[in-house]
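Trainee: What follows is data28.pdb, PDB, C-alpha atoms, pLDDT in the B column.
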ATOM      1  CA  MET A  22     -12.973 -10.466  -9.441  1.00 77.00           C
ATOM      2  CA  LYS A  23     -10.311  -8.303 -11.059  1.00 95.00           C
ATOM      3  CA  ILE A  24      -8.890  -6.226  -8.185  1.00 98.00           C
ATOM      4  CA  SER A  25      -8.437  -6.686  -4.439  1.00 98.00           C
ATOM      5  CA  VAL A  26      -7.792  -3.455  -2.535  1.00 98.00           C
ATOM      6  CA  ILE A  27      -6.055  -4.067   0.799  1.00 98.00           C
ATOM      7  CA  MET A  28      -5.866  -1.704   3.765  1.00 98.00           C
ATOM      8  CA  SER A  29      -4.750  -2.137   7.364  1.00 98.00           C
ATOM      9  CA  VAL A  30      -5.764   0.363  10.028  1.00 97.00           C
ATOM     10  CA  HIS A  31      -4.992   0.920  13.699  1.00 96.00           C
ATOM     11  CA  ASN A  32      -6.990   3.578  15.553  1.00 95.00           C
ATOM     12  CA  GLY A  33      -8.071   5.352  12.380  1.00 94.00           C
ATOM     13  CA  GLN A  34     -11.664   6.343  13.107  1.00 94.00           C
ATOM     14  CA  TYR A  35     -11.159  10.003  12.163  1.00 93.00           C
ATOM     15  CA  CYS A  36      -9.351   9.531   8.849  1.00 94.00           C
ATOM     16  CA  LEU A  37     -11.099   6.338   7.701  1.00 96.00           C
ATOM     17  CA  PRO A  38     -14.324   7.733   6.170  1.00 97.00           C
ATOM     18  CA  THR A  39     -12.582   9.853   3.539  1.00 97.00           C
ATOM     19  CA  SER A  40     -10.133   7.082   2.701  1.00 98.00           C
ATOM     20  CA  ILE A  41     -12.747   4.328   2.440  1.00 98.00           C
ATOM     21  CA  GLU A  42     -15.111   6.461   0.377  1.00 98.00           C
ATOM     22  CA  SER A  43     -12.335   7.313  -2.080  1.00 98.00           C
ATOM     23  CA  ILE A  44     -12.193   3.585  -2.894  1.00 98.00           C
ATOM     24  CA  LEU A  45     -15.936   2.892  -2.837  1.00 98.00           C
ATOM     25  CA  ASN A  46     -16.492   5.813  -5.245  1.00 98.00           C
ATOM     26  CA  GLN A  47     -13.984   4.580  -7.826  1.00 98.00           C
ATOM     27  CA  SER A  48     -15.071   4.720 -11.470  1.00 98.00           C
ATOM     28  CA  TYR A  49     -13.870   1.106 -11.738  1.00 98.00           C
ATOM     29  CA  LYS A  50     -16.326  -1.088  -9.821  1.00 97.00           C
ATOM     30  CA  ASP A  51     -15.131  -4.715 -10.062  1.00 95.00           C
ATOM     31  CA  PHE A  52     -13.151  -4.982  -6.852  1.00 98.00           C
ATOM     32  CA  GLU A  53     -13.232  -6.293  -3.309  1.00 98.00           C
ATOM     33  CA  PHE A  54     -12.027  -4.138  -0.432  1.00 98.00           C
ATOM     34  CA  LEU A  55     -10.248  -6.063   2.336  1.00 98.00           C
ATOM     35  CA  ILE A  56      -9.700  -4.053   5.519  1.00 98.00           C
ATOM     36  CA  MET A  57      -7.811  -5.222   8.603  1.00 98.00           C
ATOM     37  CA  ASP A  58      -8.556  -3.673  11.976  1.00 98.00           C
ATOM     38  CA  ASP A  59      -5.177  -4.174  13.630  1.00 98.00           C
ATOM     39  CA  ASN A  60      -6.475  -4.358  17.209  1.00 97.00           C
ATOM     40  CA  SER A  61      -7.728  -0.771  17.438  1.00 97.00           C
ATOM     41  CA  ASN A  62      -8.965   0.579  20.752  1.00 96.00           C
ATOM     42  CA  ASP A  63     -11.096   3.361  19.292  1.00 96.00           C
ATOM     43  CA  ASP A  64     -14.273   3.087  17.193  1.00 97.00           C
ATOM     44  CA  THR A  65     -12.498   1.831  14.075  1.00 97.00           C
ATOM     45  CA  TYR A  66     -14.143  -1.608  14.051  1.00 98.00           C
ATOM     46  CA  GLU A  67     -17.642  -0.229  14.589  1.00 97.00           C
ATOM     47  CA  LEU A  68     -17.085   2.229  11.751  1.00 97.00           C
ATOM     48  CA  LEU A  69     -15.929  -0.559   9.440  1.00 98.00           C
ATOM     49  CA  LYS A  70     -19.055  -2.599  10.200  1.00 97.00           C
ATOM     50  CA  LYS A  71     -21.241   0.366   9.248  1.00 97.00           C
ATOM     51  CA  TYR A  72     -19.486   0.675   5.903  1.00 97.00           C
ATOM     52  CA  GLN A  73     -19.757  -3.067   5.316  1.00 97.00           C
ATOM     53  CA  LYS A  74     -23.539  -2.862   5.685  1.00 97.00           C
ATOM     54  CA  PHE A  75     -23.507  -0.094   3.086  1.00 94.00           C
ATOM     55  CA  ASP A  76     -21.269  -1.886   0.557  1.00 97.00           C
ATOM     56  CA  SER A  77     -20.853  -5.662   0.314  1.00 96.00           C
ATOM     57  CA  ARG A  78     -17.494  -5.300  -1.446  1.00 98.00           C
ATOM     58  CA  ILE A  79     -15.967  -4.568   1.962  1.00 98.00           C
ATOM     59  CA  LYS A  80     -14.563  -7.563   3.835  1.00 98.00           C
ATOM     60  CA  ILE A  81     -13.483  -6.933   7.424  1.00 98.00           C
ATOM     61  CA  PHE A  82     -10.705  -8.727   9.271  1.00 98.00           C
ATOM     62  CA  GLN A  83      -9.635  -8.172  12.872  1.00 98.00           C
ATOM     63  CA  ASN A  84      -6.407  -8.973  14.700  1.00 98.00           C
ATOM     64  CA  LYS A  85      -6.848  -9.997  18.350  1.00 97.00           C
ATOM     65  CA  ILE A  86      -3.451  -8.450  19.085  1.00 97.00           C
ATOM     66  CA  ASN A  87      -1.639  -5.674  17.261  1.00 97.00           C
ATOM     67  CA  LEU A  88       0.481  -7.366  14.579  1.00 97.00           C
ATOM     68  CA  GLY A  89       1.672  -4.311  12.674  1.00 95.00           C
ATOM     69  CA  LEU A  90       1.354  -3.408   9.023  1.00 96.00           C
ATOM     70  CA  THR A  91       3.556  -6.082   7.447  1.00 97.00           C
ATOM     71  CA  LYS A  92       1.843  -9.145   8.892  1.00 98.00           C
ATOM     72  CA  SER A  93      -1.591  -7.579   8.516  1.00 98.00           C
ATOM     73  CA  LEU A  94      -1.054  -6.970   4.806  1.00 98.00           C
ATOM     74  CA  ASN A  95       0.138 -10.544   4.312  1.00 98.00           C
ATOM     75  CA  ILE A  96      -3.035 -11.853   5.961  1.00 98.00           C
ATOM     76  CA  LEU A  97      -5.115  -9.745   3.598  1.00 98.00           C
ATOM     77  CA  LEU A  98      -3.079 -10.904   0.610  1.00 98.00           C
ATOM     78  CA  LEU A  99      -3.711 -14.535   1.538  1.00 98.00           C
ATOM     79  CA  ASN A 100      -7.450 -13.855   1.696  1.00 98.00           C
ATOM     80  CA  SER A 101      -7.660 -11.804  -1.502  1.00 98.00           C
ATOM     81  CA  GLN A 102      -9.392 -13.125  -4.617  1.00 98.00           C
ATOM     82  CA  GLY A 103      -8.440 -10.586  -7.276  1.00 98.00           C
ATOM     83  CA  LYS A 104      -6.057 -10.958 -10.178  1.00 98.00           C
ATOM     84  CA  TYR A 105      -4.421  -7.710  -9.070  1.00 98.00           C
ATOM     85  CA  VAL A 106      -3.809  -6.337  -5.585  1.00 98.00           C
ATOM     86  CA  ALA A 107      -3.922  -2.597  -4.910  1.00 98.00           C
ATOM     87  CA  ARG A 108      -2.777  -0.866  -1.747  1.00 98.00           C
ATOM     88  CA  GLN A 109      -4.561   1.899   0.098  1.00 98.00           C
ATOM     89  CA  ASP A 110      -3.514   3.470   3.382  1.00 97.00           C
ATOM     90  CA  ALA A 111      -6.160   4.375   5.914  1.00 96.00           C
ATOM     91  CA  ASP A 112      -5.230   8.068   6.076  1.00 95.00           C
ATOM     92  CA  ASP A 113      -4.767   8.628   2.321  1.00 97.00           C
ATOM     93  CA  ILE A 114      -7.117   9.309  -0.588  1.00 98.00           C
ATOM     94  CA  SER A 115      -7.279   7.788  -4.078  1.00 98.00           C
ATOM     95  CA  GLU A 116      -8.413   9.765  -7.114  1.00 98.00           C
ATOM     96  CA  ILE A 117     -11.694   8.511  -8.570  1.00 98.00           C
ATOM     97  CA  ASN A 118     -10.032   7.009 -11.673  1.00 98.00           C
ATOM     98  CA  ARG A 119      -6.991   5.546  -9.940  1.00 98.00           C
ATOM     99  CA  LEU A 120      -7.994   1.869 -10.107  1.00 98.00           C
ATOM    100  CA  SER A 121      -9.218   2.195 -13.687  1.00 98.00           C
ATOM    101  CA  ILE A 122      -5.978   3.741 -14.942  1.00 98.00           C
ATOM    102  CA  GLN A 123      -3.752   1.266 -13.112  1.00 98.00           C
ATOM    103  CA  TYR A 124      -5.832  -1.727 -14.173  1.00 98.00           C
ATOM    104  CA  LYS A 125      -5.698  -0.695 -17.836  1.00 98.00           C
ATOM    105  CA  THR A 126      -1.964  -0.088 -17.537  1.00 98.00           C
ATOM    106  CA  LEU A 127      -1.300  -3.622 -16.328  1.00 98.00           C
ATOM    107  CA  GLU A 128      -3.791  -5.288 -18.660  1.00 97.00           C
ATOM    108  CA  ASN A 129      -2.477  -3.554 -21.782  1.00 97.00           C
ATOM    109  CA  SER A 130       1.266  -3.866 -21.210  1.00 97.00           C
ATOM    110  CA  ASN A 131       3.918  -6.351 -20.145  1.00 96.00           C
ATOM    111  CA  TYR A 132       4.276  -4.678 -16.754  1.00 97.00           C
ATOM    112  CA  GLN A 133       3.272  -6.695 -13.685  1.00 97.00           C
ATOM    113  CA  VAL A 134       3.459  -3.903 -11.112  1.00 98.00           C
ATOM    114  CA  CYS A 135       2.624  -0.219 -11.359  1.00 98.00           C
ATOM    115  CA  SER A 136       2.591   2.808  -9.093  1.00 98.00           C
ATOM    116  CA  THR A 137       1.640   6.458  -9.450  1.00 98.00           C
ATOM    117  CA  ARG A 138       2.855   9.809  -8.274  1.00 98.00           C
ATOM    118  CA  ALA A 139       0.949  11.521  -5.474  1.00 98.00           C
ATOM    119  CA  LYS A 140       0.268  14.892  -3.934  1.00 97.00           C
ATOM    120  CA  ILE A 141       0.925  15.592  -0.262  1.00 96.00           C
ATOM    121  CA  ILE A 142      -2.411  16.473   1.344  1.00 94.00           C
ATOM    122  CA  GLN A 143      -0.952  19.198   3.559  1.00 92.00           C
ATOM    123  CA  THR A 144       1.011  21.049   0.834  1.00 94.00           C
ATOM    124  CA  SER A 145      -0.239  19.784  -2.562  1.00 95.00           C
ATOM    125  CA  LYS A 146       3.410  19.108  -3.440  1.00 96.00           C
ATOM    126  CA  LYS A 147       3.829  16.440  -6.103  1.00 97.00           C
ATOM    127  CA  ILE A 148       5.934  13.417  -5.103  1.00 96.00           C
ATOM    128  CA  PRO A 149       8.189  11.873  -6.143  1.00 96.00           C
ATOM    129  CA  GLY A 150       9.660  15.127  -7.415  1.00 95.00           C
ATOM    130  CA  LEU A 151      12.745  15.228  -9.610  1.00 95.00           C
ATOM    131  CA  SER A 152      13.687  11.733  -8.453  1.00 95.00           C
ATOM    132  CA  PHE A 153      10.753  10.434 -10.512  1.00 95.00           C
ATOM    133  CA  TYR A 154      12.941  10.843 -13.588  1.00 96.00           C
ATOM    134  CA  ILE A 155      15.858   8.841 -12.186  1.00 96.00           C
ATOM    135  CA  PRO A 156      15.860   5.151 -13.268  1.00 95.00           C
ATOM    136  CA  ILE A 157      14.228   3.081 -10.561  1.00 96.00           C
ATOM    137  CA  LYS A 158      17.066   0.550 -10.456  1.00 94.00           C
ATOM    138  CA  VAL A 159      19.471   3.378  -9.619  1.00 96.00           C
ATOM    139  CA  LEU A 160      17.243   5.057  -7.055  1.00 96.00           C
ATOM    140  CA  ILE A 161      16.469   1.832  -5.166  1.00 97.00           C
ATOM    141  CA  LYS A 162      20.078   1.769  -3.914  1.00 95.00           C
ATOM    142  CA  TYR A 163      19.480   4.975  -1.970  1.00 94.00           C
ATOM    143  CA  LYS A 164      15.777   5.152  -1.104  1.00 94.00           C
ATOM    144  CA  ASN A 165      12.375   3.670  -1.834  1.00 94.00           C
ATOM    145  CA  PRO A 166      11.304   5.181  -5.170  1.00 95.00           C
ATOM    146  CA  ILE A 167       7.665   4.058  -4.817  1.00 97.00           C
ATOM    147  CA  ILE A 168       4.817   5.450  -2.694  1.00 96.00           C
ATOM    148  CA  HIS A 169       3.444   2.404  -0.900  1.00 96.00           C
ATOM    149  CA  GLY A 170      -0.234   3.281  -1.108  1.00 97.00           C
ATOM    150  CA  THR A 171      -0.097   3.671  -4.901  1.00 98.00           C
ATOM    151  CA  ILE A 172       1.034   0.125  -5.687  1.00 98.00           C
ATOM    152  CA  MET A 173      -1.033  -2.215  -7.844  1.00 98.00           C
ATOM    153  CA  ALA A 174       0.525  -5.603  -8.619  1.00 98.00           C
ATOM    154  CA  ASP A 175      -0.216  -8.965 -10.148  1.00 98.00           C
ATOM    155  CA  LYS A 176      -1.036 -11.161  -7.145  1.00 98.00           C
ATOM    156  CA  ASN A 177       0.885 -14.114  -8.580  1.00 97.00           C
ATOM    157  CA  ILE A 178       4.033 -11.997  -8.795  1.00 97.00           C
ATOM    158  CA  LEU A 179       3.747 -11.021  -5.140  1.00 98.00           C
ATOM    159  CA  GLN A 180       3.314 -14.674  -4.193  1.00 96.00           C
ATOM    160  CA  THR A 181       6.397 -15.571  -6.219  1.00 95.00           C
ATOM    161  CA  ILE A 182       8.603 -13.365  -4.007  1.00 96.00           C
ATOM    162  CA  GLY A 183       6.872 -14.465  -0.798  1.00 96.00           C
ATOM    163  CA  ASN A 184       4.666 -11.368  -0.393  1.00 98.00           C
ATOM    164  CA  TYR A 185       5.900  -8.919   2.276  1.00 98.00           C
ATOM    165  CA  ASN A 186       9.000  -9.957   4.211  1.00 97.00           C
ATOM    166  CA  GLU A 187       7.756 -10.215   7.803  1.00 97.00           C
ATOM    167  CA  LYS A 188      11.219  -9.568   9.225  1.00 96.00           C
ATOM    168  CA  PHE A 189      10.673  -5.954   8.190  1.00 96.00           C
ATOM    169  CA  TYR A 190       8.258  -4.466  10.699  1.00 94.00           C
ATOM    170  CA  PHE A 191       8.944  -1.057   9.138  1.00 94.00           C
ATOM    171  CA  SER A 192      10.061  -0.124   5.594  1.00 94.00           C
ATOM    172  CA  GLN A 193       8.220  -3.210   4.374  1.00 96.00           C
ATOM    173  CA  ASP A 194       7.337  -1.353   1.178  1.00 96.00           C
ATOM    174  CA  TYR A 195      10.993  -0.543   0.458  1.00 97.00           C
ATOM    175  CA  LYS A 196      11.881  -4.211   0.972  1.00 97.00           C
ATOM    176  CA  LEU A 197       9.012  -5.307  -1.272  1.00 98.00           C
ATOM    177  CA  ILE A 198      10.108  -3.063  -4.146  1.00 98.00           C
ATOM    178  CA  TYR A 199      13.719  -4.138  -3.664  1.00 97.00           C
ATOM    179  CA  ASP A 200      12.720  -7.809  -3.842  1.00 97.00           C
ATOM    180  CA  LEU A 201      10.629  -7.207  -6.958  1.00 98.00           C
ATOM    181  CA  LEU A 202      13.523  -5.537  -8.748  1.00 97.00           C
ATOM    182  CA  GLU A 203      15.932  -8.252  -7.598  1.00 96.00           C
ATOM    183  CA  ASN A 204      13.629 -10.717  -9.339  1.00 96.00           C
ATOM    184  CA  ASN A 205      13.646  -8.627 -12.531  1.00 96.00           C
ATOM    185  CA  ILE A 206      10.002  -7.629 -12.191  1.00 96.00           C
ATOM    186  CA  LYS A 207       9.196  -4.615 -14.333  1.00 93.00           C
ATOM    187  CA  ILE A 208       7.501  -1.703 -12.554  1.00 97.00           C
ATOM    188  CA  LYS A 209       5.617   1.001 -14.418  1.00 97.00           C
ATOM    189  CA  GLN A 210       5.592   4.406 -12.737  1.00 97.00           C
ATOM    190  CA  ILE A 211       2.592   6.451 -13.862  1.00 98.00           C
ATOM    191  CA  ASN A 212       3.445  10.137 -14.085  1.00 98.00           C
ATOM    192  CA  LYS A 213      -0.026  11.395 -13.183  1.00 97.00           C
ATOM    193  CA  PRO A 214      -0.725  11.916  -9.443  1.00 98.00           C
ATOM    194  CA  LEU A 215      -3.604   9.564  -8.631  1.00 98.00           C
ATOM    195  CA  TYR A 216      -3.166   9.521  -4.859  1.00 98.00           C
ATOM    196  CA  HIS A 217      -3.198  12.024  -1.996  1.00 97.00           C
ATOM    197  CA  LEU A 218      -0.691  11.238   0.745  1.00 96.00           C
ATOM    198  CA  ASN A 219      -1.087  12.253   4.384  1.00 94.00           C
ATOM    199  CA  MET A 220       2.198  13.333   5.976  1.00 89.00           C
ATOM    200  CA  ASN A 221       0.778  14.372   9.362  1.00 85.00           C
ATOM    201  CA  ASN A 222       1.309  11.861  12.190  1.00 69.00           C
ATOM    202  CA  ASN A 223       1.723   8.934   9.831  1.00 65.00           C
ATOM    203  CA  ILE A 224       4.063   5.952  10.264  1.00 66.00           C
ATOM    204  CA  SER A 225       6.962   7.663   8.509  1.00 63.00           C
ATOM    205  CA  THR A 226       6.843  10.696  10.796  1.00 62.00           C
ATOM    206  CA  LEU A 227       5.937   8.967  14.065  1.00 66.00           C
ATOM    207  CA  PHE A 228       8.549   6.209  13.701  1.00 72.00           C
ATOM    208  CA  SER A 229      11.247   7.926  11.656  1.00 79.00           C
ATOM    209  CA  GLU A 230      14.173   6.324  13.508  1.00 87.00           C
ATOM    210  CA  GLU A 231      12.721   2.835  13.182  1.00 89.00           C
ATOM    211  CA  GLN A 232      11.978   3.439   9.518  1.00 90.00           C
ATOM    212  CA  LYS A 233      15.565   4.547   8.955  1.00 92.00           C
ATOM    213  CA  TYR A 234      16.976   1.437  10.642  1.00 94.00           C
ATOM    214  CA  TYR A 235      14.889  -0.947   8.556  1.00 95.00           C
ATOM    215  CA  ALA A 236      15.572   1.023   5.380  1.00 95.00           C
ATOM    216  CA  ASP A 237      19.300   0.769   6.101  1.00 95.00           C
ATOM    217  CA  CYS A 238      18.853  -3.005   6.362  1.00 96.00           C
ATOM    218  CA  VAL A 239      17.317  -3.037   2.893  1.00 97.00           C
ATOM    219  CA  ARG A 240      20.198  -1.023   1.457  1.00 96.00           C
ATOM    220  CA  LYS A 241      22.793  -3.196   3.191  1.00 95.00           C
ATOM    221  CA  LYS A 242      21.008  -6.411   2.143  1.00 94.00           C
ATOM    222  CA  VAL A 243      20.827  -7.676   5.734  1.00 96.00           C
ATOM    223  CA  ASN A 244      17.983  -8.871   7.931  1.00 94.00           C
ATOM    224  CA  PRO A 245      16.946  -6.636  10.857  1.00 95.00           C
ATOM    225  CA  GLU A 246      18.276  -7.648  14.271  1.00 90.00           C
ATOM    226  CA  ILE A 247      15.350  -6.061  16.079  1.00 71.00           C
ATOM    227  CA  LYS A 248      12.706  -8.610  17.066  1.00 59.00           C
ATOM    228  CA  ASN A 249       9.038  -7.639  16.783  1.00 60.00           C
TER     229      ASN A 249
END
What does this structure look like when you write it as structure tokens?
Mentor:
Amino acid sequence: MKISVIMSVHNGQYCLPTSIESILNQSYKDFEFLIMDDNSNDDTYELLKKYQKFDSRIKIFQNKINLGLTKSLNILLLNSQGKYVARQDADDISEINRLSIQYKTLENSNYQVCSTRAKIIQTSKKIPGLSFYIPIKVLIKYKNPIIHGTIMADKNILQTIGNYNEKFYFSQDYKLIYDLLENNIKIKQINKPLYHLNMNNNISTLFSEEQKYYADCVRKKVNPEIKN
């Protein structure tokens, strides 16, 4: 098993099919797809079971209470078998050659983590924009330079830094990238957009104030005071 794709979803029945199929239809086939139903109260779990019957690469997990994205991703990481771990968000779409390009990038270089640019689904705008050309170690002081859903990383490297920091209920991706850079882990940013990012009613827009607070904690190098 070369790649483990991990996704957590809460009440995502309407966006899930397109997202799941974008992974199942990848040109690169040697992967497992771990999906956490984070205590949904819609038809998410039933939908996941239907897809599992269709493709045995899907492995379903279910939280009995809503744990949030950070803890859910850590559970999936602990259960993953792949050499590399790739993220996918439940309302986003991966290009058909995304896994192949990222896998080859990591296998044929001394990088241990890579990400890609993306296009916003609603506008087709390419992101990151101009900030893509700013050195990542400079940009990390001001904002998260990486789109969370585009990350592929060596699993051993993630384990070395303790996976996701569970004190960060939000901005867990910013904290993860910060911790990687603090440990001198090299990150390759692929210029080509291999991901389509939903910006309508996603975590960043629905919980913008909470995201800002946790992001400020990353920048200030302090632990959040809010208990989750």
Trainee: Give as number ranges by chain the residues that the PyMOL selection byres ((chain A and resi 93) around 12) matches when applied to the coordinates above.
Mentor: A: 27-31, 55-60, 81-92, 94-100, 184-187, 190, 193
Trainee: Calculate how many Å separate CA of Asn118 (chain A) from CA of Asn177 (chain A), rounding to one decimal.
Mentor: 24.0 Å
Trainee: So what does the PyMOL selection byres ((chain A and resi 166) around 9) actually pick up in this one, as number ranges by chain?
Mentor: A: 149, 152-153, 157, 160-161, 163-165, 167-168, 195, 198
Trainee: I'd like the residues picked by the PyMOL selection byres ((chain A and resi 33-37) around 7) written out as a list in words, using the chain letters and numbers from the file.
Mentor: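 Selected by the PyMOL selection byres ((chain A and resi 33-37) around 7) in this file: Val30, His31, Asn32, Pro38, Thr39, Ser40, Ile41, Asp63, Asp64, Thr65, Leu68, Ala111 and Asp112 of chain A.
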Trainee: Could you pull the residues within 12 Å of Arg119 (chain A), counting only C-alpha atoms, minus those fewer than 3 positions along the same chain, as a ChimeraX atom specification?
Mentor: /A:26,43-50,107-109,114-116,122-126,135-139,170-173,211,213-217
Trainee: Can you patch up region 110-133 of chain A, filling it in to N, CA and C atoms, and show the result as a PDB file, keeping the file's coordinate frame?
Mentor:
ATOM      1  N   ASP A 110      -3.738   3.213   1.962  1.00 97.00           N
ATOM      2  CA  ASP A 110      -3.514   3.470   3.382  1.00 97.00           C
ATOM      3  C   ASP A 110      -4.710   4.179   3.980  1.00 97.00           C
ATOM      4  N   ALA A 111      -4.930   3.948   5.261  1.00 96.00           N
ATOM      5  CA  ALA A 111      -6.160   4.375   5.914  1.00 96.00           C
ATOM      6  C   ALA A 111      -6.271   5.884   6.095  1.00 96.00           C
ATOM      7  N   ASP A 112      -5.170   6.613   5.929  1.00 95.00           N
ATOM      8  CA  ASP A 112      -5.230   8.068   6.076  1.00 95.00           C
ATOM      9  C   ASP A 112      -4.941   8.786   4.760  1.00 95.00           C
ATOM     10  N   ASP A 113      -5.014   8.058   3.640  1.00 97.00           N
ATOM     11  CA  ASP A 113      -4.767   8.628   2.321  1.00 97.00           C
ATOM     12  C   ASP A 113      -6.031   8.589   1.472  1.00 97.00           C
ATOM     13  N   ILE A 114      -5.960   9.202   0.301  1.00 98.00           N
ATOM     14  CA  ILE A 114      -7.117   9.309  -0.588  1.00 98.00           C
ATOM     15  C   ILE A 114      -6.705   8.945  -2.013  1.00 98.00           C
ATOM     16  N   SER A 115      -7.512   8.123  -2.678  1.00 98.00           N
ATOM     17  CA  SER A 115      -7.279   7.788  -4.078  1.00 98.00           C
ATOM     18  C   SER A 115      -8.175   8.625  -4.984  1.00 98.00           C
ATOM     19  N   GLU A 116      -7.617   9.080  -6.104  1.00 98.00           N
ATOM     20  CA  GLU A 116      -8.413   9.765  -7.114  1.00 98.00           C
ATOM     21  C   GLU A 116      -9.460   8.798  -7.677  1.00 98.00           C
ATOM     22  N   ILE A 117     -10.555   9.329  -8.155  1.00 98.00           N
ATOM     23  CA  ILE A 117     -11.694   8.511  -8.570  1.00 98.00           C
ATOM     24  C   ILE A 117     -11.367   7.540  -9.709  1.00 98.00           C
ATOM     25  N   ASN A 118     -10.383   7.871 -10.541  1.00 98.00           N
ATOM     26  CA  ASN A 118     -10.032   7.009 -11.673  1.00 98.00           C
ATOM     27  C   ASN A 118      -8.735   6.242 -11.450  1.00 98.00           C
ATOM     28  N   ARG A 119      -8.263   6.213 -10.227  1.00 98.00           N
ATOM     29  CA  ARG A 119      -6.991   5.546  -9.940  1.00 98.00           C
ATOM     30  C   ARG A 119      -7.004   4.066 -10.338  1.00 98.00           C
ATOM     31  N   LEU A 120      -7.960   3.301  -9.827  1.00 98.00           N
ATOM     32  CA  LEU A 120      -7.994   1.869 -10.107  1.00 98.00           C
ATOM     33  C   LEU A 120      -8.153   1.594 -11.595  1.00 98.00           C
ATOM     34  N   SER A 121      -8.985   2.377 -12.259  1.00 98.00           N
ATOM     35  CA  SER A 121      -9.218   2.195 -13.687  1.00 98.00           C
ATOM     36  C   SER A 121      -7.941   2.377 -14.487  1.00 98.00           C
ATOM     37  N   ILE A 122      -7.213   3.449 -14.204  1.00 98.00           N
ATOM     38  CA  ILE A 122      -5.978   3.741 -14.942  1.00 98.00           C
ATOM     39  C   ILE A 122      -4.920   2.674 -14.681  1.00 98.00           C
ATOM     40  N   GLN A 123      -4.767   2.268 -13.425  1.00 98.00           N
ATOM     41  CA  GLN A 123      -3.752   1.266 -13.112  1.00 98.00           C
ATOM     42  C   GLN A 123      -4.119  -0.104 -13.687  1.00 98.00           C
ATOM     43  N   TYR A 124      -5.391  -0.446 -13.623  1.00 98.00           N
ATOM     44  CA  TYR A 124      -5.832  -1.727 -14.173  1.00 98.00           C
ATOM     45  C   TYR A 124      -5.562  -1.786 -15.676  1.00 98.00           C
ATOM     46  N   LYS A 125      -5.922  -0.736 -16.393  1.00 98.00           N
ATOM     47  CA  LYS A 125      -5.698  -0.695 -17.836  1.00 98.00           C
ATOM     48  C   LYS A 125      -4.207  -0.725 -18.157  1.00 98.00           C
ATOM     49  N   THR A 126      -3.409  -0.090 -17.323  1.00 98.00           N
ATOM     50  CA  THR A 126      -1.964  -0.088 -17.537  1.00 98.00           C
ATOM     51  C   THR A 126      -1.398  -1.495 -17.480  1.00 98.00           C
ATOM     52  N   LEU A 127      -1.814  -2.262 -16.479  1.00 98.00           N
ATOM     53  CA  LEU A 127      -1.300  -3.622 -16.328  1.00 98.00           C
ATOM     54  C   LEU A 127      -1.883  -4.572 -17.373  1.00 98.00           C
ATOM     55  N   GLU A 128      -3.140  -4.402 -17.701  1.00 97.00           N
ATOM     56  CA  GLU A 128      -3.791  -5.288 -18.660  1.00 97.00           C
ATOM     57  C   GLU A 128      -3.265  -5.092 -20.083  1.00 97.00           C
ATOM     58  N   ASN A 129      -2.861  -3.876 -20.406  1.00 97.00           N
ATOM     59  CA  ASN A 129      -2.477  -3.554 -21.782  1.00 97.00           C
ATOM     60  C   ASN A 129      -0.978  -3.367 -21.967  1.00 97.00           C
ATOM     61  N   SER A 130      -0.190  -3.974 -21.103  1.00 97.00           N
ATOM     62  CA  SER A 130       1.266  -3.866 -21.210  1.00 97.00           C
ATOM     63  C   SER A 130       1.894  -5.142 -20.688  1.00 97.00           C
ATOM     64  N   ASN A 131       3.224  -5.186 -20.711  1.00 96.00           N
ATOM     65  CA  ASN A 131       3.918  -6.351 -20.145  1.00 96.00           C
ATOM     66  C   ASN A 131       4.436  -6.064 -18.740  1.00 96.00           C
ATOM     67  N   TYR A 132       3.932  -4.981 -18.138  1.00 97.00           N
ATOM     68  CA  TYR A 132       4.276  -4.678 -16.754  1.00 97.00           C
ATOM     69  C   TYR A 132       3.424  -5.531 -15.815  1.00 97.00           C
ATOM     70  N   GLN A 133       3.991  -5.890 -14.669  1.00 97.00           N
ATOM     71  CA  GLN A 133       3.272  -6.695 -13.685  1.00 97.00           C
ATOM     72  C   GLN A 133       3.018  -5.935 -12.379  1.00 97.00           C
TER      73      GLN A 133
END
